[in-house]
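Visitor: Before we start, here is the structure in question, set down as structure tokens.
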Amino acid sequence: MTTTTETPVEDPRGAEVVLVPEGHRVLQRVILPPDAESDSLVLYVEQGIRLSTQTSGSDDDAHVDSSGVERVSTRDVNGRFSIRIRSGQRTSFGTYFNGFAASYWKKWTTLSSVRLAVDISGAANVIIYRSNARGAQQRVGSKAVHGRGVVEFQLPLKQFGDGGWYWFDVEAAGKGALVHSAVWTAPAELAPRRGSLSLGMTTLNKTDDVLRNIATVAGDADLRELLDEMIIVDQGSDRLIATEGFDALAAQMGEQLQIVEQGNIGGSGGFSRGMYEVVTRGKSDYVLLMDDDIDVEPESLIRMVTFADFAKRPTLVGAHMFDLNNRSVLHTYGERVDPWRVQPVVAHDDLHMGHDFAASGLRSTSWLHRRADVDYNGWWSTLIPVEVVRELGLSLPIFIKWDDAEYGLRAKAAGYPTVSLPGAGVWHMSWIDKDDLVGWQAYFHTKNRLIVALLYSQYANGGGAFKEAIMSDVKHLLSMQYYTQAGRIRGLRDLLKGPGALHGQIGTVLPEIRGMAKQFDDAVYKSDADEFPAVDRGKPKNKGRGLRPPSIRSLVPFTARTTLRQLAEPLSDRAKTAPQDEIAFQDARWWRLAQYDSALVTNADGTGVAWYRRNPAKLRAQLAEVAMLHVELQRRWSSLSTEYRDALADLTSFEAWEKTFADNPSQHRD
């Protein structure tokens, strides 16, 4: 530890200190919320002793635990990098954004140790902790400071084989202490590369979201030092450049902001255009793909570039996704693709989705300490080295679903890993209020998942992916979801056309699928159930005991019996003129819907209600067609798999996408 001239804790200026020695590079800075936003404060700092029982405190967002001890408050935040610790208080930086995910740096980078430096004034003790993959914590050491000083620790990474973090706590005495800043550093010469990045953001009529993100980038000087260009691929009818506020941001960004307009060819088309522009312009070492409707922690982007620079080999680096409407909730910590089912699953069995850091922080959540190795990262925010794009090509032209997962699997097969990096996060609307397995998106789920199975499944006939596709078809049919099933049938038909049809379909299939909706009652939503005839429940089902799901033993006979009933005409015409029940979205399971002749069903986000009505003729026709298509798919699986695999390089080539870009110009093109 080194100490400079003593400075009062209330004065943040003090004598000039050196946090980063010559030849070192900052890996990660301690940061605080940009606007001291209280809902996300728990992601940055916590009280030293973690207690689970809390009650709201005063208007300044201080928190008081059950023992009456005042907790970390937004009023303690002293800017982006500084925080006050009151006398007798212990503040921990063992949090999502300020802990150091040591096991990730050990496995994927060239580092064998890391240096921590804390610039602090006042009377305090700086205490270092580490954890292992099971979340067990160990005190590593501590140093005291009186006055203004830089406290340093050199910390090895040897022991972090399967998981574990480093972090530090500050315990204040006297009149308290002020952490001016803190950094984790390493010798710059250990980085195999030092790269710059361009951002590739695709948007469709979300101009306000895009302007907010441009403003975030424009206002962060450190990020802009690494930035070559922010390229916005505008695919919408609401033109970004005509939006109020755009001109001022464009002037602030200058040449760093570039707008590309094209027709709506989905996320894969927008992200492919972003990758294409970055590679062909030749300015950057990395392209960082981003959704338009996120809130980004700008420090995350800097950390992703730094991690990629220190990586042993070219590596895709992704940010985690937090819930935009519940900012302390981490939606997903890491995903892989189940090889049998060809379905996204959590990275390891201990991991949980939807974790709330306000209820249980990093230090008190053991599974967060185990390293999560992934197959891919969602393209809400993923960095890809330009050299990888040059070798592997652009996205598969499959529109809206599975493009990010397929690219991760393709990169993995070529020897380029993906790392979902703790401490790099964005906020995005979670999937809680969505059900994209129903409605127009069912077409893309069905076709794209089976394409990925054809490309990467190592099992005969696609293993579980093929079997689950059949089961899903039966469930949707028995649920009276005929529009959804029509989309799935169209998806199977288009899949069987082979890979040569993909580029031609990407700009036309969405309006065609949506245009089918008017033919189906289950796709017509109204804002209120009162807009339909009144519910006529008649005699309660199951002797009034309610409907229960079939057991594993009874599943097959239940499905057979229910299918036969659905194929027959209803015994009464009452269900044709009035719904038999009103069913909430969370109760709308296939086995329940299958026992009705008609019902009002709420959609996932609660904004609409549709009247599902059993149609035996439509069921017979769709059941016959989907059975025929599955027989053909099973018969042709091996040859079709060969076709798609042989075509992959051409489908994702720059030349193929150039033609697709030209075939889908912006409707606003001058």
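In the structure tokens, the first chain shown is A, the next is B, and so on; residue numbers restart at 1 for each chain, and ligands run from 1 in the order shown.
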Check which residues of range 242-332 of chain A sit at most 9 Å from range 224-231 of chain A using only C-alpha atoms, and return one row each with the closest pair of atoms and their distance in Å to one decimal, ordered by chain and rising number, as CSV.
Guide:
residue,atom,partner,partner_atom,distance
A:Met253,CA,A:Met230,CA,8.9
A:Glu255,CA,A:Glu229,CA,7.3
A:Gln256,CA,A:Glu229,CA,4.2
A:Leu257,CA,A:Met230,CA,4.9
A:Gln258,CA,A:Ile231,CA,4.8
A:Ile259,CA,A:Ile231,CA,5.8
A:Val260,CA,A:Ile231,CA,7.1
A:Gly274,CA,A:Ile231,CA,6.6
A:Glu277,CA,A:Ile231,CA,8.0
A:Val278,CA,A:Ile231,CA,8.2
A:Lys283,CA,A:Asp228,CA,6.7
A:Ser284,CA,A:Asp228,CA,6.5
A:Ile302,CA,A:Leu226,CA,7.7
A:Val305,CA,A:Leu226,CA,8.5
Visitor: Go ahead and save the picked residues with N, CA and C atoms, as a short mmCIF file (atom, residue, chain, number, x, y, z; two decimals), in the first residue's frame.
Guide:
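Output saved as part-v2.cif:
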data_model
loop_
_atom_site.label_atom_id
_atom_site.label_comp_id
_atom_site.auth_asym_id
_atom_site.auth_seq_id
_atom_site.Cartn_x
_atom_site.Cartn_y
_atom_site.Cartn_z
N MET A 253 -22.38 12.71 -32.44
CA MET A 253 -21.60 11.52 -32.78
C MET A 253 -20.69 11.74 -33.99
N GLU A 255 -18.96 11.35 -37.45
CA GLU A 255 -18.75 10.23 -38.36
C GLU A 255 -18.86 8.88 -37.67
N GLN A 256 -18.92 8.88 -36.34
CA GLN A 256 -19.05 7.61 -35.63
C GLN A 256 -20.46 7.03 -35.75
N LEU A 257 -21.43 7.80 -36.22
CA LEU A 257 -22.79 7.29 -36.39
C LEU A 257 -23.09 7.14 -37.88
N GLN A 258 -23.49 5.92 -38.25
CA GLN A 258 -23.82 5.62 -39.64
C GLN A 258 -25.19 4.95 -39.70
N ILE A 259 -26.03 5.37 -40.63
CA ILE A 259 -27.36 4.80 -40.80
C ILE A 259 -27.43 4.06 -42.13
N VAL A 260 -27.90 2.82 -42.09
CA VAL A 260 -28.12 2.02 -43.30
C VAL A 260 -29.59 1.65 -43.33
N GLY A 274 -25.28 -5.55 -40.46
CA GLY A 274 -24.32 -4.92 -39.56
C GLY A 274 -22.95 -5.56 -39.66
N GLU A 277 -21.35 -4.64 -43.08
CA GLU A 277 -20.84 -3.26 -43.14
C GLU A 277 -19.52 -3.13 -42.38
N VAL A 278 -19.45 -3.73 -41.19
CA VAL A 278 -18.23 -3.61 -40.39
C VAL A 278 -17.05 -4.26 -41.10
N LYS A 283 -12.54 -1.07 -40.76
CA LYS A 283 -12.01 -0.20 -39.72
C LYS A 283 -11.80 -0.91 -38.39
N SER A 284 -12.57 -1.95 -38.11
CA SER A 284 -12.66 -2.49 -36.76
C SER A 284 -12.16 -3.92 -36.66
N ILE A 302 -17.12 -2.01 -22.98
CA ILE A 302 -15.68 -1.87 -22.81
C ILE A 302 -15.10 -3.17 -22.26
N VAL A 305 -14.83 -5.93 -24.99
CA VAL A 305 -13.67 -5.73 -25.86
C VAL A 305 -12.39 -6.14 -25.16
#
Visitor: Got a sec: who's within 12 Å of Arg548 in chain A, counting only C-alpha atoms, leaving out chain neighbours fewer than 2 positions off, as a list in words?
Guide: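 Once the nearby chain positions are removed, what remains is Lys541, Asn542, Gly544, Arg545, Gly546, Pro550, Ser551, Ser554, Leu555, Phe558, Asp587, Arg589, Trp590, Trp591, Arg592, Leu593, Ala594 and Gln595 of chain A.
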Visitor: Rounded to one decimal, what separation in Å do you get between CA of Ala319 in chain A and CA of Asp295 in chain A?
Guide: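 So the two atoms, CA of Ala319 in chain A and CA of Asp295 in chain A, lie 12.0 Å apart.
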Visitor: Apply DSSP to the structure's backbone, then extract all residues of range 152-215 of chain A labelled strand (DSSP E) and return them as JSON, numbers by chain.
Guide: {"A": [152, 153, 154, 155, 156, 166, 167, 168, 169, 170, 171, 172, 173, 174, 175, 176, 177, 178, 179, 180, 181, 182, 183, 184, 185, 186, 187, 197, 198, 199, 200, 201, 202, 203]}
Visitor: Output the selection as a tab-separated table (two decimals), in the first residue's frame - N, CA and C atoms for each residue.
Guide:
chain	number	residue	atom	x	y	z
A	152	GLU	N	-3.17	-1.82	-2.82
A	152	GLU	CA	-2.93	-2.74	-3.93
A	152	GLU	C	-2.87	-4.18	-3.45
A	153	PHE	N	-3.36	-5.08	-4.30
A	153	PHE	CA	-3.28	-6.52	-4.05
A	153	PHE	C	-2.92	-7.21	-5.37
A	154	GLN	N	-2.00	-8.16	-5.31
A	154	GLN	CA	-1.69	-9.01	-6.46
A	154	GLN	C	-2.30	-10.38	-6.19
A	155	LEU	N	-3.20	-10.82	-7.06
A	155	LEU	CA	-4.05	-11.96	-6.76
A	155	LEU	C	-3.90	-13.03	-7.84
A	156	PRO	N	-3.51	-14.25	-7.46
A	156	PRO	CA	-3.34	-15.33	-8.45
A	156	PRO	C	-4.67	-15.90	-8.90
A	166	TYR	N	-13.33	-13.10	-7.24
A	166	TYR	CA	-12.68	-12.21	-6.28
A	166	TYR	C	-13.60	-11.00	-6.06
A	167	TRP	N	-13.53	-10.43	-4.86
A	167	TRP	CA	-14.18	-9.14	-4.61
A	167	TRP	C	-13.57	-8.52	-3.37
A	168	PHE	N	-13.95	-7.29	-3.10
A	168	PHE	CA	-13.46	-6.65	-1.88
A	168	PHE	C	-14.59	-5.93	-1.16
A	169	ASP	N	-14.43	-5.85	0.16
A	169	ASP	CA	-15.32	-5.06	1.02
A	169	ASP	C	-14.52	-3.91	1.61
A	170	VAL	N	-15.22	-2.84	1.96
A	170	VAL	CA	-14.61	-1.71	2.66
A	170	VAL	C	-15.37	-1.48	3.96
A	171	GLU	N	-14.63	-1.49	5.05
A	171	GLU	CA	-15.20	-1.25	6.38
A	171	GLU	C	-14.66	0.08	6.88
A	172	ALA	N	-15.56	1.02	7.14
A	172	ALA	CA	-15.14	2.38	7.49
A	172	ALA	C	-15.18	2.60	9.00
A	173	ALA	N	-14.26	3.47	9.48
A	173	ALA	CA	-14.23	3.88	10.89
A	173	ALA	C	-14.11	5.40	10.93
A	174	GLY	N	-13.85	5.94	12.11
A	174	GLY	CA	-13.64	7.39	12.23
A	174	GLY	C	-14.81	8.16	11.66
A	175	LYS	N	-14.51	9.06	10.73
A	175	LYS	CA	-15.55	9.86	10.07
A	175	LYS	C	-16.06	9.22	8.79
A	176	GLY	N	-15.66	7.99	8.56
A	176	GLY	CA	-16.08	7.30	7.35
A	176	GLY	C	-14.99	7.32	6.30
A	177	ALA	N	-15.30	6.82	5.12
A	177	ALA	CA	-14.32	6.72	4.05
A	177	ALA	C	-14.98	7.01	2.71
A	178	LEU	N	-14.14	7.32	1.75
A	178	LEU	CA	-14.62	7.57	0.39
A	178	LEU	C	-13.77	6.75	-0.58
A	179	VAL	N	-14.42	5.83	-1.29
A	179	VAL	CA	-13.74	5.12	-2.38
A	179	VAL	C	-13.83	6.01	-3.61
A	180	HIS	N	-12.67	6.54	-4.01
A	180	HIS	CA	-12.63	7.44	-5.17
A	180	HIS	C	-12.76	6.64	-6.48
A	181	SER	N	-12.07	5.52	-6.54
A	181	SER	CA	-12.13	4.65	-7.71
A	181	SER	C	-11.38	3.37	-7.38
A	182	ALA	N	-11.60	2.34	-8.17
A	182	ALA	CA	-10.91	1.07	-8.00
A	182	ALA	C	-10.85	0.37	-9.35
A	183	VAL	N	-9.76	-0.34	-9.62
A	183	VAL	CA	-9.58	-1.00	-10.91
A	183	VAL	C	-8.91	-2.35	-10.72
A	184	TRP	N	-9.25	-3.27	-11.61
A	184	TRP	CA	-8.56	-4.55	-11.76
A	184	TRP	C	-7.70	-4.42	-13.01
A	185	THR	N	-6.41	-4.70	-12.92
A	185	THR	CA	-5.51	-4.50	-14.05
A	185	THR	C	-4.62	-5.72	-14.26
A	186	ALA	N	-3.93	-5.73	-15.41
A	186	ALA	CA	-2.95	-6.76	-15.74
A	186	ALA	C	-1.98	-6.18	-16.75
A	187	PRO	N	-0.79	-6.76	-16.90
A	187	PRO	CA	0.16	-6.25	-17.89
A	187	PRO	C	-0.43	-6.27	-19.29
A	197	LEU	N	-13.82	-1.49	-31.94
A	197	LEU	CA	-15.08	-2.13	-32.31
A	197	LEU	C	-15.99	-1.18	-33.06
A	198	SER	N	-16.93	-1.80	-33.78
A	198	SER	CA	-18.07	-1.08	-34.32
A	198	SER	C	-19.32	-1.78	-33.81
A	199	LEU	N	-20.33	-0.98	-33.49
A	199	LEU	CA	-21.61	-1.52	-33.03
A	199	LEU	C	-22.53	-1.72	-34.23
A	200	GLY	N	-23.22	-2.86	-34.25
A	200	GLY	CA	-24.20	-3.13	-35.29
A	200	GLY	C	-25.56	-3.33	-34.66
A	201	MET	N	-26.40	-2.33	-34.75
A	201	MET	CA	-27.74	-2.39	-34.15
A	201	MET	C	-28.79	-2.40	-35.24
A	202	THR	N	-29.71	-3.37	-35.18
A	202	THR	CA	-30.79	-3.41	-36.16
A	202	THR	C	-32.09	-2.98	-35.49
A	203	THR	N	-32.93	-2.26	-36.22
A	203	THR	CA	-34.15	-1.73	-35.63
A	203	THR	C	-35.32	-1.82	-36.59
Visitor: Between A:His355, A:Arg410, A:Arg212, A:Arg370, which one has atoms that come closest to Ala102 in chain A, using only C-alpha atoms?
Guide: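 Result for the nearest residue to Ala102 in chain A: A:Arg370.
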Visitor: Which neighbours of Ala101 in chain A fall inside 12 Å, counting only C-alpha atoms, when residues of the same chain fewer than 6 positions from it are skipped, and could you give them as a VMD selection string?
Guide: chain A and resid 27 to 28 94 to 95 107 to 108 114 130 to 133 157 160 to 167 184 303 307 362 368 to 372 419 to 424
Visitor: Could you name the residues that touch His320 in chain A at 9 Å or less, counting only C-alpha atoms, but leaving out those on the same chain fewer than 4 positions away, as a PyMOL selection string?
Guide: chain A and resi 330-334+377-378+380-381+420-427
Visitor: Please, could you write that set of residues out with C-alpha atoms as a PDB file, in the first residue's frame?
Guide:
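Final output, again_39.pdb:
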ATOM      1  CA  LEU A 330     -31.136 -11.574 -14.320  1.00  0.00           C
ATOM      2  CA  HIS A 331     -33.159 -13.360 -16.977  1.00  0.00           C
ATOM      3  CA  THR A 332     -30.483 -15.795 -18.127  1.00  0.00           C
ATOM      4  CA  TYR A 333     -26.903 -16.468 -17.039  1.00  0.00           C
ATOM      5  CA  GLY A 334     -25.821 -18.722 -19.881  1.00  0.00           C
ATOM      6  CA  ASN A 377     -25.125 -15.840 -26.505  1.00  0.00           C
ATOM      7  CA  GLY A 378     -28.292 -14.039 -27.508  1.00  0.00           C
ATOM      8  CA  TRP A 380     -29.208  -8.676 -27.629  1.00  0.00           C
ATOM      9  CA  SER A 381     -25.478  -7.944 -27.160  1.00  0.00           C
ATOM     10  CA  SER A 420     -21.249 -15.118 -21.640  1.00  0.00           C
ATOM     11  CA  LEU A 421     -19.254 -12.731 -19.477  1.00  0.00           C
ATOM     12  CA  PRO A 422     -20.344 -11.886 -15.912  1.00  0.00           C
ATOM     13  CA  GLY A 423     -20.157  -8.162 -15.307  1.00  0.00           C
ATOM     14  CA  ALA A 424     -21.330  -7.415 -18.856  1.00  0.00           C
ATOM     15  CA  GLY A 425     -25.074  -6.885 -18.911  1.00  0.00           C
ATOM     16  CA  VAL A 426     -27.934  -5.171 -20.702  1.00  0.00           C
ATOM     17  CA  TRP A 427     -31.583  -4.705 -19.795  1.00  0.00           C
TER      18      TRP A 427
END
Visitor: Can you pull out every residue from range 422-497 of chain A that DSSP, working from the backbone, puts in helix (DSSP H, G or I), and format the result as a PyMOL selection string?
Guide: chain A and resi 441-456+460-462+464-478+482-496
